[in-house]
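**Q** The structure file coords-v9.tsv (TSV, C-alpha atoms) is provided below.
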chain	number	residue	atom	x	y	z
A	197	MET	CA	0.00	0.00	0.00
A	198	ASP	CA	1.41	3.36	-1.06
A	199	SER	CA	1.40	6.26	1.31
A	200	LEU	CA	4.26	8.34	-0.12
A	201	ILE	CA	4.39	10.87	2.72
A	202	GLY	CA	5.69	14.20	1.48
A	203	SER	CA	6.02	12.98	-2.07
A	204	THR	CA	4.49	14.60	-5.11
A	205	ASP	CA	4.62	11.51	-7.32
A	206	SER	CA	2.86	8.19	-7.32
A	207	LYS	CA	3.14	5.10	-9.44
A	208	ILE	CA	0.15	6.17	-11.57
A	209	GLN	CA	1.03	8.73	-14.27
A	210	GLY	CA	-0.55	12.11	-13.46
A	211	VAL	CA	-1.54	11.22	-9.89
A	212	LEU	CA	0.20	13.56	-7.44
A	213	ILE	CA	0.30	13.24	-3.66
A	214	GLN	CA	1.18	16.14	-1.40
A	215	ASN	CA	1.60	16.15	2.36
A	216	LEU	CA	-0.79	18.75	3.85
A	217	LYS	CA	-0.13	20.92	6.88
A	218	GLN	CA	-2.06	20.23	10.11
A	219	ILE	CA	-1.81	23.06	12.63
A	220	GLU	CA	-2.67	21.42	15.94
A	221	ASN	CA	-4.58	23.42	18.59
A	222	LYS	CA	-6.43	22.31	21.73
A	223	LYS	CA	-9.58	24.02	20.41
A	224	GLY	CA	-9.33	22.02	17.18
A	225	ALA	CA	-6.75	21.75	14.40
A	226	VAL	CA	-6.56	23.89	11.27
A	227	LEU	CA	-6.11	21.70	8.20
A	228	HIS	CA	-4.78	22.97	4.89
A	229	MET	CA	-6.17	21.75	1.58
A	230	LEU	CA	-5.54	23.89	-1.54
A	231	ARG	CA	-4.54	27.48	-2.33
A	232	GLU	CA	-4.62	29.35	-5.62
A	233	ASP	CA	-0.85	29.90	-5.38
A	234	SER	CA	-0.08	26.18	-5.03
A	235	PRO	CA	2.07	24.84	-7.87
A	236	ILE	CA	-0.50	22.10	-8.45
A	237	PHE	CA	-3.55	24.42	-8.58
A	238	SER	CA	-4.95	25.00	-12.08
A	239	ARG	CA	-8.47	26.39	-11.82
A	240	PHE	CA	-11.50	26.21	-9.50
A	241	GLY	CA	-14.60	24.36	-10.61
A	242	GLU	CA	-16.35	23.16	-7.45
A	243	VAL	CA	-15.78	22.12	-3.88
A	244	TYR	CA	-18.08	19.47	-2.37
A	245	PHE	CA	-17.98	16.55	0.07
A	246	SER	CA	-18.63	12.83	-0.07
A	247	LEU	CA	-19.36	11.04	3.20
A	248	VAL	CA	-18.35	7.37	3.31
A	249	ASN	CA	-20.07	5.23	5.92
A	250	PRO	CA	-18.00	2.54	7.70
A	251	GLY	CA	-16.90	-0.21	5.30
A	252	MET	CA	-18.94	1.18	2.41
A	253	ILE	CA	-17.42	1.23	-1.09
A	254	LYS	CA	-18.02	4.02	-3.59
A	255	ALA	CA	-16.58	2.71	-6.90
A	256	TRP	CA	-15.90	2.85	-9.82
A	257	LYS	CA	-15.97	6.29	-11.41
A	258	ARG	CA	-13.99	8.00	-14.17
A	259	HIS	CA	-14.12	11.60	-15.37
A	260	LYS	CA	-13.50	12.38	-19.02
A	261	ALA	CA	-12.39	15.98	-18.40
A	262	MET	CA	-12.31	16.81	-14.68
A	263	THR	CA	-9.18	16.83	-12.54
A	264	GLN	CA	-9.99	16.24	-8.88
A	265	HIS	CA	-8.16	17.06	-5.65
A	266	PHE	CA	-9.08	14.89	-2.66
A	267	ALA	CA	-8.34	15.37	1.03
A	268	VAL	CA	-9.85	13.48	3.97
A	269	PRO	CA	-10.12	15.72	7.07
A	270	VAL	CA	-12.38	13.30	9.03
A	271	GLY	CA	-12.00	9.51	9.24
A	272	GLN	CA	-9.86	7.44	6.88
A	273	ILE	CA	-10.47	5.92	3.46
A	274	LEU	CA	-8.73	3.53	1.11
A	275	LEU	CA	-8.51	5.22	-2.32
A	276	VAL	CA	-7.87	2.88	-5.25
A	277	ILE	CA	-6.91	4.16	-8.70
A	278	TYR	CA	-6.73	1.99	-11.82
A	279	ASP	CA	-5.04	3.20	-14.99
A	280	ASP	CA	-6.37	1.69	-18.21
A	281	ARG	CA	-5.27	4.57	-20.46
A	282	ILE	CA	-3.77	2.86	-23.52
A	283	ALA	CA	-0.97	5.39	-24.00
A	284	SER	CA	-0.05	5.75	-20.34
A	285	PRO	CA	3.37	4.57	-19.16
A	286	THR	CA	1.55	3.16	-16.12
A	287	HIS	CA	-1.17	1.39	-18.16
A	288	GLY	CA	-2.59	-1.53	-16.18
A	289	GLU	CA	-1.29	-0.35	-12.81
A	290	VAL	CA	-3.40	-0.18	-9.65
A	291	GLY	CA	-2.50	2.24	-6.87
A	292	GLU	CA	-3.81	2.00	-3.30
A	293	PHE	CA	-3.61	5.03	-1.03
A	294	THR	CA	-4.74	5.41	2.57
A	295	LEU	CA	-6.05	8.93	3.22
A	296	GLY	CA	-6.97	10.47	6.57
A	297	ARG	CA	-5.59	12.04	9.70
A	298	PRO	CA	-3.28	12.12	11.45
A	299	ASP	CA	-0.69	10.16	9.45
A	300	HIS	CA	-2.14	10.26	5.95
A	301	TYR	CA	-3.47	13.80	5.64
A	302	PHE	CA	-2.59	14.30	1.97
A	303	LEU	CA	-3.86	16.09	-1.08
A	304	VAL	CA	-4.25	13.66	-3.98
A	305	ARG	CA	-4.65	14.92	-7.52
A	306	ILE	CA	-6.62	12.51	-9.73
A	307	PRO	CA	-6.31	13.29	-13.44
A	308	PRO	CA	-9.08	12.62	-15.96
A	309	MET	CA	-9.48	9.17	-17.56
A	310	VAL	CA	-8.36	6.99	-14.65
A	311	TRP	CA	-10.81	4.82	-12.70
A	312	TYR	CA	-11.08	5.45	-8.97
A	313	GLY	CA	-13.06	4.32	-5.97
A	314	PHE	CA	-12.85	4.47	-2.21
A	315	GLN	CA	-13.89	2.61	0.94
A	316	GLY	CA	-14.49	3.89	4.47
A	317	LEU	CA	-11.92	2.43	6.89
A	318	THR	CA	-13.02	3.90	10.23
A	319	THR	CA	-15.89	3.11	12.59
A	320	MET	CA	-17.22	6.64	12.06
A	321	PRO	CA	-18.21	8.09	8.67
A	322	SER	CA	-15.25	9.52	6.73
A	323	LEU	CA	-15.42	12.81	4.86
A	324	VAL	CA	-13.80	13.14	1.43
A	325	ALA	CA	-13.44	16.76	0.31
A	326	ASN	CA	-13.05	17.26	-3.43
A	327	CYS	CA	-11.87	20.50	-5.02
A	328	SER	CA	-12.18	19.98	-8.77
A	329	ASP	CA	-11.25	22.08	-11.78
A	330	LEU	CA	-14.73	21.77	-13.34
A	331	PRO	CA	-18.16	21.79	-11.70
A	332	HIS	CA	-20.06	18.50	-11.59
A	333	ASP	CA	-21.44	17.51	-14.99
A	334	PRO	CA	-23.05	14.06	-15.38
A	335	GLN	CA	-22.14	14.14	-19.10
A	336	GLU	CA	-18.44	13.75	-18.40
A	337	LEU	CA	-18.76	11.07	-15.69
A	338	GLU	CA	-18.56	7.32	-16.34
A	339	LYS	CA	-19.34	4.51	-13.87
A	340	LYS	CA	-18.69	0.81	-13.54
A	341	ASP	CA	-19.98	-1.69	-10.97
A	342	THR	CA	-17.92	-2.07	-7.80
A	343	GLU	CA	-17.12	-5.68	-8.80
A	344	ASP	CA	-16.56	-5.03	-12.53
A	345	SER	CA	-14.34	-7.87	-13.80
A	346	ASN	CA	-12.47	-5.59	-16.25
A	347	ILE	CA	-10.79	-3.83	-13.32
A	348	PRO	CA	-8.07	-6.01	-11.73
A	349	TYR	CA	-8.89	-5.11	-8.15
A	350	ARG	CA	-11.07	-6.87	-5.60
A	351	TRP	CA	-12.51	-4.84	-2.71
A	352	ARG	CA	-12.39	-6.48	0.70
B	80	MET	CA	-31.35	32.53	16.87
B	81	ASP	CA	-31.46	32.94	13.10
B	82	SER	CA	-31.42	29.94	10.86
B	83	LEU	CA	-33.08	31.41	7.76
B	84	ILE	CA	-33.49	28.11	5.92
B	85	GLY	CA	-33.40	28.64	2.18
B	86	SER	CA	-32.87	32.36	2.48
B	87	THR	CA	-30.10	34.33	0.86
B	88	ASP	CA	-30.25	37.27	3.27
B	89	SER	CA	-29.49	37.76	6.91
B	90	LYS	CA	-29.83	40.66	9.29
B	91	ILE	CA	-26.14	41.56	8.87
B	92	GLN	CA	-25.41	43.60	5.73
B	93	GLY	CA	-23.37	41.52	3.26
B	94	VAL	CA	-23.88	38.19	5.06
B	95	LEU	CA	-25.66	35.73	2.79
B	96	ILE	CA	-27.06	32.34	3.75
B	97	GLN	CA	-27.86	29.67	1.21
B	98	ASN	CA	-29.47	26.29	1.74
B	99	LEU	CA	-27.12	23.58	0.41
B	100	LYS	CA	-28.15	20.33	-1.25
B	101	GLN	CA	-27.60	17.04	0.60
B	102	ILE	CA	-27.92	13.98	-1.63
B	103	GLU	CA	-28.64	11.14	0.79
B	104	ASN	CA	-27.27	7.67	0.06
B	105	LYS	CA	-26.88	4.59	2.27
B	106	LYS	CA	-23.15	4.54	1.45
B	107	GLY	CA	-22.81	8.16	2.64
B	108	ALA	CA	-24.34	11.46	1.53
B	109	VAL	CA	-22.95	13.82	-1.10
B	110	LEU	CA	-22.91	17.39	0.21
B	111	HIS	CA	-22.72	20.43	-2.01
B	112	MET	CA	-20.69	23.49	-1.05
B	113	LEU	CA	-19.71	25.95	-3.82
B	114	ARG	CA	-19.45	25.95	-7.63
B	115	GLU	CA	-17.84	28.46	-9.95
B	116	ASP	CA	-21.21	29.05	-11.64
B	117	SER	CA	-22.96	29.94	-8.37
B	118	PRO	CA	-24.34	33.48	-8.36
B	119	ILE	CA	-22.51	34.13	-5.09
B	120	PHE	CA	-19.10	32.84	-6.26
B	121	SER	CA	-16.54	35.55	-7.00
B	122	ARG	CA	-13.07	34.03	-7.11
B	123	PHE	CA	-11.11	31.17	-5.52
B	124	GLY	CA	-8.37	31.92	-3.00
B	125	GLU	CA	-8.13	28.88	-0.72
B	126	VAL	CA	-10.08	25.99	0.72
B	127	TYR	CA	-9.15	24.75	4.19
B	128	PHE	CA	-10.77	23.31	7.34
B	129	SER	CA	-11.07	24.30	10.97
B	130	LEU	CA	-11.93	21.58	13.48
B	131	VAL	CA	-13.82	22.75	16.57
B	132	ASN	CA	-13.66	20.48	19.60
B	133	PRO	CA	-16.81	20.09	21.75
B	134	GLY	CA	-17.72	23.35	23.51
B	135	MET	CA	-14.57	25.12	22.33
B	136	ILE	CA	-14.80	28.74	21.15
B	137	LYS	CA	-12.73	30.14	18.28
B	138	ALA	CA	-13.31	33.94	18.43
B	139	TRP	CA	-12.95	36.77	17.52
B	140	LYS	CA	-11.48	37.30	14.07
B	141	ARG	CA	-11.94	39.87	11.32
B	142	HIS	CA	-10.52	39.95	7.80
B	143	LYS	CA	-9.71	43.28	6.19
B	144	ALA	CA	-9.99	42.01	2.61
B	145	MET	CA	-11.07	38.36	2.50
B	146	THR	CA	-14.62	37.18	1.86
B	147	GLN	CA	-15.22	33.73	3.36
B	148	HIS	CA	-17.73	30.98	2.60
B	149	PHE	CA	-18.41	28.57	5.46
B	150	ALA	CA	-20.17	25.21	5.46
B	151	VAL	CA	-20.23	22.61	8.26
B	152	PRO	CA	-20.43	19.06	6.84
B	153	VAL	CA	-19.61	17.33	10.18
B	154	GLY	CA	-21.00	18.27	13.63
B	155	GLN	CA	-22.70	21.58	14.41
B	156	ILE	CA	-21.43	25.00	15.39
B	157	LEU	CA	-22.85	28.29	16.59
B	158	LEU	CA	-21.52	31.04	14.32
B	159	VAL	CA	-21.73	34.58	15.73
B	160	ILE	CA	-21.15	37.66	13.59
B	161	TYR	CA	-20.85	41.21	14.96
B	162	ASP	CA	-21.07	44.25	12.70
B	163	ASP	CA	-19.18	47.31	13.94
B	164	ARG	CA	-18.71	48.87	10.48
B	165	ILE	CA	-19.52	52.55	11.01
B	166	ALA	CA	-21.26	53.05	7.66
B	167	SER	CA	-23.21	49.77	7.72
B	168	PRO	CA	-27.02	49.88	7.92
B	169	THR	CA	-26.72	47.01	10.39
B	170	HIS	CA	-24.02	48.66	12.52
B	171	GLY	CA	-24.11	47.29	16.08
B	172	GLU	CA	-26.08	44.17	15.18
B	173	VAL	CA	-25.14	40.66	16.30
B	174	GLY	CA	-26.24	37.61	14.26
B	175	GLU	CA	-26.29	34.05	15.59
B	176	PHE	CA	-26.43	31.15	13.15
B	177	THR	CA	-26.50	27.42	13.81
B	178	LEU	CA	-24.63	25.53	11.10
B	179	GLY	CA	-24.47	21.77	10.60
B	180	ARG	CA	-26.35	18.77	9.26
B	181	PRO	CA	-29.00	17.73	8.78
B	182	ASP	CA	-31.21	20.76	9.37
B	183	HIS	CA	-28.71	23.62	9.09
B	184	TYR	CA	-26.51	22.60	6.19
B	185	PHE	CA	-25.99	26.09	4.77
B	186	LEU	CA	-23.38	28.09	2.95
B	187	VAL	CA	-22.71	31.36	4.80
B	188	ARG	CA	-20.87	34.17	3.08
B	189	ILE	CA	-18.97	36.39	5.56
B	190	PRO	CA	-17.85	39.70	4.05
B	191	PRO	CA	-14.65	41.50	5.10
B	192	MET	CA	-14.66	43.84	8.14
B	193	VAL	CA	-17.18	42.03	10.34
B	194	TRP	CA	-16.13	40.20	13.51
B	195	TYR	CA	-16.94	36.50	13.71
B	196	GLY	CA	-16.41	33.54	15.96
B	197	PHE	CA	-17.78	30.06	16.45
B	198	GLN	CA	-18.34	27.39	19.09
B	199	GLY	CA	-18.61	23.59	18.77
B	200	LEU	CA	-22.11	22.41	19.72
B	201	THR	CA	-21.81	18.65	19.33
B	202	THR	CA	-20.17	15.91	21.43
B	203	MET	CA	-17.88	15.12	18.49
B	204	PRO	CA	-15.52	17.59	16.85
B	205	SER	CA	-17.20	19.76	14.22
B	206	LEU	CA	-15.60	20.56	10.88
B	207	VAL	CA	-15.89	24.06	9.41
B	208	ALA	CA	-14.93	24.21	5.71
B	209	ASN	CA	-13.94	27.63	4.42
B	210	CYS	CA	-13.67	28.50	0.74
B	211	SER	CA	-12.31	32.03	0.62
B	212	ASP	CA	-11.65	34.47	-2.19
B	213	LEU	CA	-8.05	35.13	-1.06
B	214	PRO	CA	-5.44	32.75	0.34
B	215	HIS	CA	-4.59	33.06	4.03
B	216	ASP	CA	-2.47	36.14	4.78
B	217	PRO	CA	-1.77	37.03	8.42
B	218	GLN	CA	-1.38	40.70	7.38
B	219	GLU	CA	-5.07	41.09	6.65
B	220	LEU	CA	-6.34	39.23	9.75
B	221	GLU	CA	-7.26	40.93	13.04
B	222	LYS	CA	-8.06	39.20	16.33
B	223	LYS	CA	-9.72	40.08	19.65
B	224	ASP	CA	-10.01	38.07	22.84
B	225	THR	CA	-13.01	35.75	23.12
B	226	GLU	CA	-14.34	37.87	26.02
B	227	ASP	CA	-13.47	41.30	24.53
B	228	SER	CA	-15.79	43.82	26.21
B	229	ASN	CA	-16.14	45.91	23.03
B	230	ILE	CA	-18.16	43.16	21.40
B	231	PRO	CA	-21.70	42.97	22.83
B	232	TYR	CA	-21.89	39.20	22.93
B	233	ARG	CA	-21.18	36.77	25.75
B	234	TRP	CA	-20.30	33.18	24.87
B	235	ARG	CA	-21.93	30.47	26.98
Please rewrite the model in this file as structure tokens.
**A**
Amino acid sequence: MDSLIGSTDSKIQGVLIQNLKQIENKKGAVLHMLREDSPIFSRFGEVYFSLVNPGMIKAWKRHKAMTQHFAVPVGQILLVIYDDRIASPTHGEVGEFTLGRPDHYFLVRIPPMVWYGFQGLTTMPSLVANCSDLPHDPQELEKKDTEDSNIPYRWR
Amino acid sequence: MDSLIGSTDSKIQGVLIQNLKQIENKKGAVLHMLREDSPIFSRFGEVYFSLVNPGMIKAWKRHKAMTQHFAVPVGQILLVIYDDRIASPTHGEVGEFTLGRPDHYFLVRIPPMVWYGFQGLTTMPSLVANCSDLPHDPQELEKKDTEDSNIPYRWR
């Protein structure tokens, strides 16, 4: 399982992982996510949240045009990314990433045209924040079943 | 206490409140926050989170230039806003707003030059998401003590 603390590369082409700052405070921590002057910021489309109940799997999805930026400020998830882009140097690779505080508070950039899904790992609901470069548009979103046999990954 | 469900006005000049969509799902809800095509969106500066531990008070702060957009996808907070802008039609007013799911899942726009603070209302930590029009800059942030006597509000 890849965690890649502090790295900005992953084994899937175009997927970037950045360690995010957590400013601890007895009243409650302040948690960075994304700024317009970040080297990985391109443009703002939408920010929204996806709750993931314990053990639940939200998979598979692929965006034709949207680049996403995920962070998990509450709970922990397993994020799985599968690259079936024909021309990609990482074609056929599967990447697994644990996201969530305190040890895996990362920003993950997911480029268009890779399949992704996630599962809640904690006994409380996890919160995935997504700051994307385009607003939600069902026309550019594709889905496959969680157990689709064309994706070489089996959820536990 | 103002909740103003579905409204886009509040009793503080420049503060807007918008009801946000919650798409319920047994795997975990999808929670809207802000899109670039929203009529209240201006520009993207930063998105970050502030955790608020149970009963804790984070107050008072005022931004000279930044407009903030708050939503609370986890837990509940009491948000208090005090307007001491001399030329404001709501000069001297205090607004109290409960924010958090399921009944108070709102987007609140906080303009520059009003004082604000918040308190965690739930037995679990609450998460305040802020999507602001400028990235964090300590030069444009002012603070007062939680119990500052110049602000006509007493925290419980």
**Q** Which residues come within 12 Å of Phe237 of chain A, counting all atoms listed in the file, excluding same-chain residues fewer than 2 positions away, as a PyMOL selection string?
**A** (chain A and resi 212+214+229-235+239-241+263-265+303-305+327-329) or (chain B and resi 123-126)
**Q** Please identify all residues of chain B having at least one atom at most 9 Å from any atom of chain A, considering all atoms listed in the file, and return them as an MDAnalysis selection string.
**A** chainID B and resid 105:116 122:137 152:153 204:206 210 213:215
**Q** Can I get the selected residues back with C-alpha atoms, as a CSV table (one decimal), keeping the file's coordinate frame?
**A**
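See part.csv below for the written result:
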chain,number,residue,atom,x,y,z
B,105,LYS,CA,-26.9,4.6,2.3
B,106,LYS,CA,-23.2,4.5,1.4
B,107,GLY,CA,-22.8,8.2,2.6
B,108,ALA,CA,-24.3,11.5,1.5
B,109,VAL,CA,-23.0,13.8,-1.1
B,110,LEU,CA,-22.9,17.4,0.2
B,111,HIS,CA,-22.7,20.4,-2.0
B,112,MET,CA,-20.7,23.5,-1.0
B,113,LEU,CA,-19.7,26.0,-3.8
B,114,ARG,CA,-19.4,26.0,-7.6
B,115,GLU,CA,-17.8,28.5,-10.0
B,116,ASP,CA,-21.2,29.0,-11.6
B,122,ARG,CA,-13.1,34.0,-7.1
B,123,PHE,CA,-11.1,31.2,-5.5
B,124,GLY,CA,-8.4,31.9,-3.0
B,125,GLU,CA,-8.1,28.9,-0.7
B,126,VAL,CA,-10.1,26.0,0.7
B,127,TYR,CA,-9.2,24.8,4.2
B,128,PHE,CA,-10.8,23.3,7.3
B,129,SER,CA,-11.1,24.3,11.0
B,130,LEU,CA,-11.9,21.6,13.5
B,131,VAL,CA,-13.8,22.8,16.6
B,132,ASN,CA,-13.7,20.5,19.6
B,133,PRO,CA,-16.8,20.1,21.8
B,134,GLY,CA,-17.7,23.4,23.5
B,135,MET,CA,-14.6,25.1,22.3
B,136,ILE,CA,-14.8,28.7,21.2
B,137,LYS,CA,-12.7,30.1,18.3
B,152,PRO,CA,-20.4,19.1,6.8
B,153,VAL,CA,-19.6,17.3,10.2
B,204,PRO,CA,-15.5,17.6,16.8
B,205,SER,CA,-17.2,19.8,14.2
B,206,LEU,CA,-15.6,20.6,10.9
B,210,CYS,CA,-13.7,28.5,0.7
B,213,LEU,CA,-8.0,35.1,-1.1
B,214,PRO,CA,-5.4,32.8,0.3
B,215,HIS,CA,-4.6,33.1,4.0
**Q** Write out chain B, as a short mmCIF file (atom, residue, chain, number, x, y, z; two decimals) with C-alpha atoms, in the frame of the given file, after superposing it onto chain A by least squares using every C-alpha atom paired in order.
**A**
data_model
loop_
_atom_site.label_atom_id
_atom_site.label_comp_id
_atom_site.auth_asym_id
_atom_site.auth_seq_id
_atom_site.Cartn_x
_atom_site.Cartn_y
_atom_site.Cartn_z
CA MET B 80 0.00 -0.06 -0.01
CA ASP B 81 1.43 3.30 -1.06
CA SER B 82 1.36 6.21 1.30
CA LEU B 83 4.25 8.26 -0.10
CA ILE B 84 4.39 10.77 2.75
CA GLY B 85 5.66 14.11 1.53
CA SER B 86 6.02 12.95 -2.04
CA THR B 87 4.53 14.61 -5.06
CA ASP B 88 4.63 11.53 -7.29
CA SER B 89 2.88 8.21 -7.32
CA LYS B 90 3.15 5.12 -9.45
CA ILE B 91 0.15 6.20 -11.57
CA GLN B 92 1.03 8.74 -14.28
CA GLY B 93 -0.56 12.12 -13.47
CA VAL B 94 -1.52 11.23 -9.89
CA LEU B 95 0.21 13.56 -7.45
CA ILE B 96 0.31 13.25 -3.67
CA GLN B 97 1.19 16.14 -1.41
CA ASN B 98 1.62 16.17 2.35
CA LEU B 99 -0.77 18.74 3.85
CA LYS B 100 -0.12 20.92 6.89
CA GLN B 101 -2.06 20.25 10.10
CA ILE B 102 -1.82 23.07 12.63
CA GLU B 103 -2.68 21.43 15.95
CA ASN B 104 -4.57 23.41 18.58
CA LYS B 105 -6.43 22.31 21.72
CA LYS B 106 -9.57 24.03 20.40
CA GLY B 107 -9.35 22.02 17.16
CA ALA B 108 -6.75 21.75 14.39
CA VAL B 109 -6.56 23.89 11.26
CA LEU B 110 -6.12 21.70 8.18
CA HIS B 111 -4.80 22.97 4.89
CA MET B 112 -6.18 21.76 1.57
CA LEU B 113 -5.55 23.90 -1.55
CA ARG B 114 -4.54 27.50 -2.34
CA GLU B 115 -4.62 29.36 -5.62
CA ASP B 116 -0.85 29.91 -5.39
CA SER B 117 -0.09 26.19 -5.03
CA PRO B 118 2.06 24.86 -7.87
CA ILE B 119 -0.50 22.11 -8.45
CA PHE B 120 -3.56 24.42 -8.59
CA SER B 121 -4.96 25.01 -12.07
CA ARG B 122 -8.47 26.41 -11.81
CA PHE B 123 -11.50 26.22 -9.50
CA GLY B 124 -14.62 24.38 -10.62
CA GLU B 125 -16.36 23.16 -7.45
CA VAL B 126 -15.78 22.12 -3.87
CA TYR B 127 -18.07 19.49 -2.38
CA PHE B 128 -17.99 16.55 0.07
CA SER B 129 -18.64 12.83 -0.07
CA LEU B 130 -19.37 11.04 3.19
CA VAL B 131 -18.36 7.37 3.30
CA ASN B 132 -20.06 5.23 5.92
CA PRO B 133 -17.99 2.54 7.70
CA GLY B 134 -16.91 -0.22 5.30
CA MET B 135 -18.94 1.19 2.42
CA ILE B 136 -17.43 1.23 -1.08
CA LYS B 137 -18.02 4.03 -3.59
CA ALA B 138 -16.58 2.70 -6.90
CA TRP B 139 -15.89 2.85 -9.81
CA LYS B 140 -15.97 6.28 -11.42
CA ARG B 141 -14.01 8.00 -14.16
CA HIS B 142 -14.14 11.61 -15.35
CA LYS B 143 -13.50 12.39 -19.00
CA ALA B 144 -12.41 15.99 -18.40
CA MET B 145 -12.31 16.82 -14.69
CA THR B 146 -9.17 16.83 -12.56
CA GLN B 147 -9.99 16.24 -8.88
CA HIS B 148 -8.16 17.06 -5.66
CA PHE B 149 -9.08 14.90 -2.67
CA ALA B 150 -8.33 15.38 1.02
CA VAL B 151 -9.85 13.48 3.97
CA PRO B 152 -10.11 15.73 7.06
CA VAL B 153 -12.38 13.31 9.02
CA GLY B 154 -12.00 9.50 9.24
CA GLN B 155 -9.86 7.44 6.87
CA ILE B 156 -10.47 5.91 3.47
CA LEU B 157 -8.73 3.53 1.10
CA LEU B 158 -8.50 5.22 -2.30
CA VAL B 159 -7.87 2.88 -5.25
CA ILE B 160 -6.92 4.17 -8.69
CA TYR B 161 -6.73 1.99 -11.83
CA ASP B 162 -5.03 3.20 -15.00
CA ASP B 163 -6.37 1.69 -18.22
CA ARG B 164 -5.28 4.58 -20.46
CA ILE B 165 -3.78 2.87 -23.51
CA ALA B 166 -0.98 5.40 -24.03
CA SER B 167 -0.05 5.75 -20.34
CA PRO B 168 3.38 4.57 -19.17
CA THR B 169 1.57 3.14 -16.15
CA HIS B 170 -1.16 1.40 -18.16
CA GLY B 171 -2.58 -1.55 -16.20
CA GLU B 172 -1.29 -0.35 -12.83
CA VAL B 173 -3.40 -0.19 -9.67
CA GLY B 174 -2.51 2.26 -6.87
CA GLU B 175 -3.81 2.00 -3.30
CA PHE B 176 -3.62 5.02 -1.02
CA THR B 177 -4.72 5.42 2.58
CA LEU B 178 -6.02 8.93 3.22
CA GLY B 179 -6.96 10.47 6.56
CA ARG B 180 -5.58 12.06 9.70
CA PRO B 181 -3.27 12.12 11.44
CA ASP B 182 -0.68 10.17 9.46
CA HIS B 183 -2.14 10.28 5.94
CA TYR B 184 -3.46 13.81 5.63
CA PHE B 185 -2.58 14.30 1.97
CA LEU B 186 -3.86 16.10 -1.08
CA VAL B 187 -4.24 13.65 -3.98
CA ARG B 188 -4.64 14.94 -7.51
CA ILE B 189 -6.62 12.51 -9.72
CA PRO B 190 -6.30 13.29 -13.43
CA PRO B 191 -9.10 12.63 -15.95
CA MET B 192 -9.49 9.17 -17.55
CA VAL B 193 -8.37 6.99 -14.64
CA TRP B 194 -10.82 4.82 -12.70
CA TYR B 195 -11.09 5.44 -8.97
CA GLY B 196 -13.05 4.31 -5.98
CA PHE B 197 -12.85 4.46 -2.21
CA GLN B 198 -13.88 2.61 0.94
CA GLY B 199 -14.49 3.88 4.49
CA LEU B 200 -11.92 2.44 6.90
CA THR B 201 -13.02 3.91 10.21
CA THR B 202 -15.89 3.13 12.61
CA MET B 203 -17.22 6.66 12.05
CA PRO B 204 -18.21 8.10 8.69
CA SER B 205 -15.27 9.51 6.73
CA LEU B 206 -15.44 12.80 4.85
CA VAL B 207 -13.81 13.12 1.43
CA ALA B 208 -13.44 16.76 0.29
CA ASN B 209 -13.05 17.26 -3.45
CA CYS B 210 -11.88 20.50 -5.03
CA SER B 211 -12.18 19.99 -8.76
CA ASP B 212 -11.25 22.09 -11.76
CA LEU B 213 -14.73 21.78 -13.34
CA PRO B 214 -18.17 21.80 -11.72
CA HIS B 215 -20.06 18.51 -11.59
CA ASP B 216 -21.45 17.50 -15.00
CA PRO B 217 -23.05 14.06 -15.38
CA GLN B 218 -22.13 14.11 -19.10
CA GLU B 219 -18.44 13.74 -18.40
CA LEU B 220 -18.76 11.06 -15.68
CA GLU B 221 -18.56 7.31 -16.35
CA LYS B 222 -19.34 4.53 -13.87
CA LYS B 223 -18.68 0.79 -13.53
CA ASP B 224 -19.97 -1.69 -10.98
CA THR B 225 -17.92 -2.07 -7.80
CA GLU B 226 -17.11 -5.69 -8.79
CA ASP B 227 -16.55 -5.03 -12.53
CA SER B 228 -14.34 -7.87 -13.80
CA ASN B 229 -12.45 -5.58 -16.22
CA ILE B 230 -10.78 -3.83 -13.31
CA PRO B 231 -8.07 -6.00 -11.72
CA TYR B 232 -8.89 -5.11 -8.14
CA ARG B 233 -11.07 -6.87 -5.60
CA TRP B 234 -12.50 -4.84 -2.72
CA ARG B 235 -12.39 -6.47 0.72
#
**Q** In Å, rounded to a single decimal, give me how far atom CA of Ala261 of chain A is from atom CA of Leu337 of chain A.
**A**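 Atom CA of Ala261 of chain A lies 8.5 Å from atom CA of Leu337 of chain A.
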**Q** Val193 of chain B: which residues within 8 Å, counting only C-alpha atoms, same-chain residues fewer than 4 positions away excluded, as a VMD selection string?
**A** chain B and resid 141 to 142 160 to 164 189
**Q** Can you report as JSON the centre and edge lengths in Å, to one decimal, of an axis-aligned box around the listed atoms of segment 300-305 of chain A padded with 5 Å on each side?
**A**
{"center_x": -3.4, "center_y": 13.2, "center_z": -0.8, "size_x": 12.5, "size_y": 15.8, "size_z": 23.5}
**Q** One decimal, in Å: what's the spacing between atom CA of Ile165 of chain B and atom CA of Lys143 of chain B?
**A**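 About the pair atom CA of Ile165 of chain B and atom CA of Lys143 of chain B: they are 14.3 Å apart.
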**Q** Distance atom CA of Gly154 of chain B-atom CA of Tyr301 of chain A, one decimal place?
**A** 19.8 Å
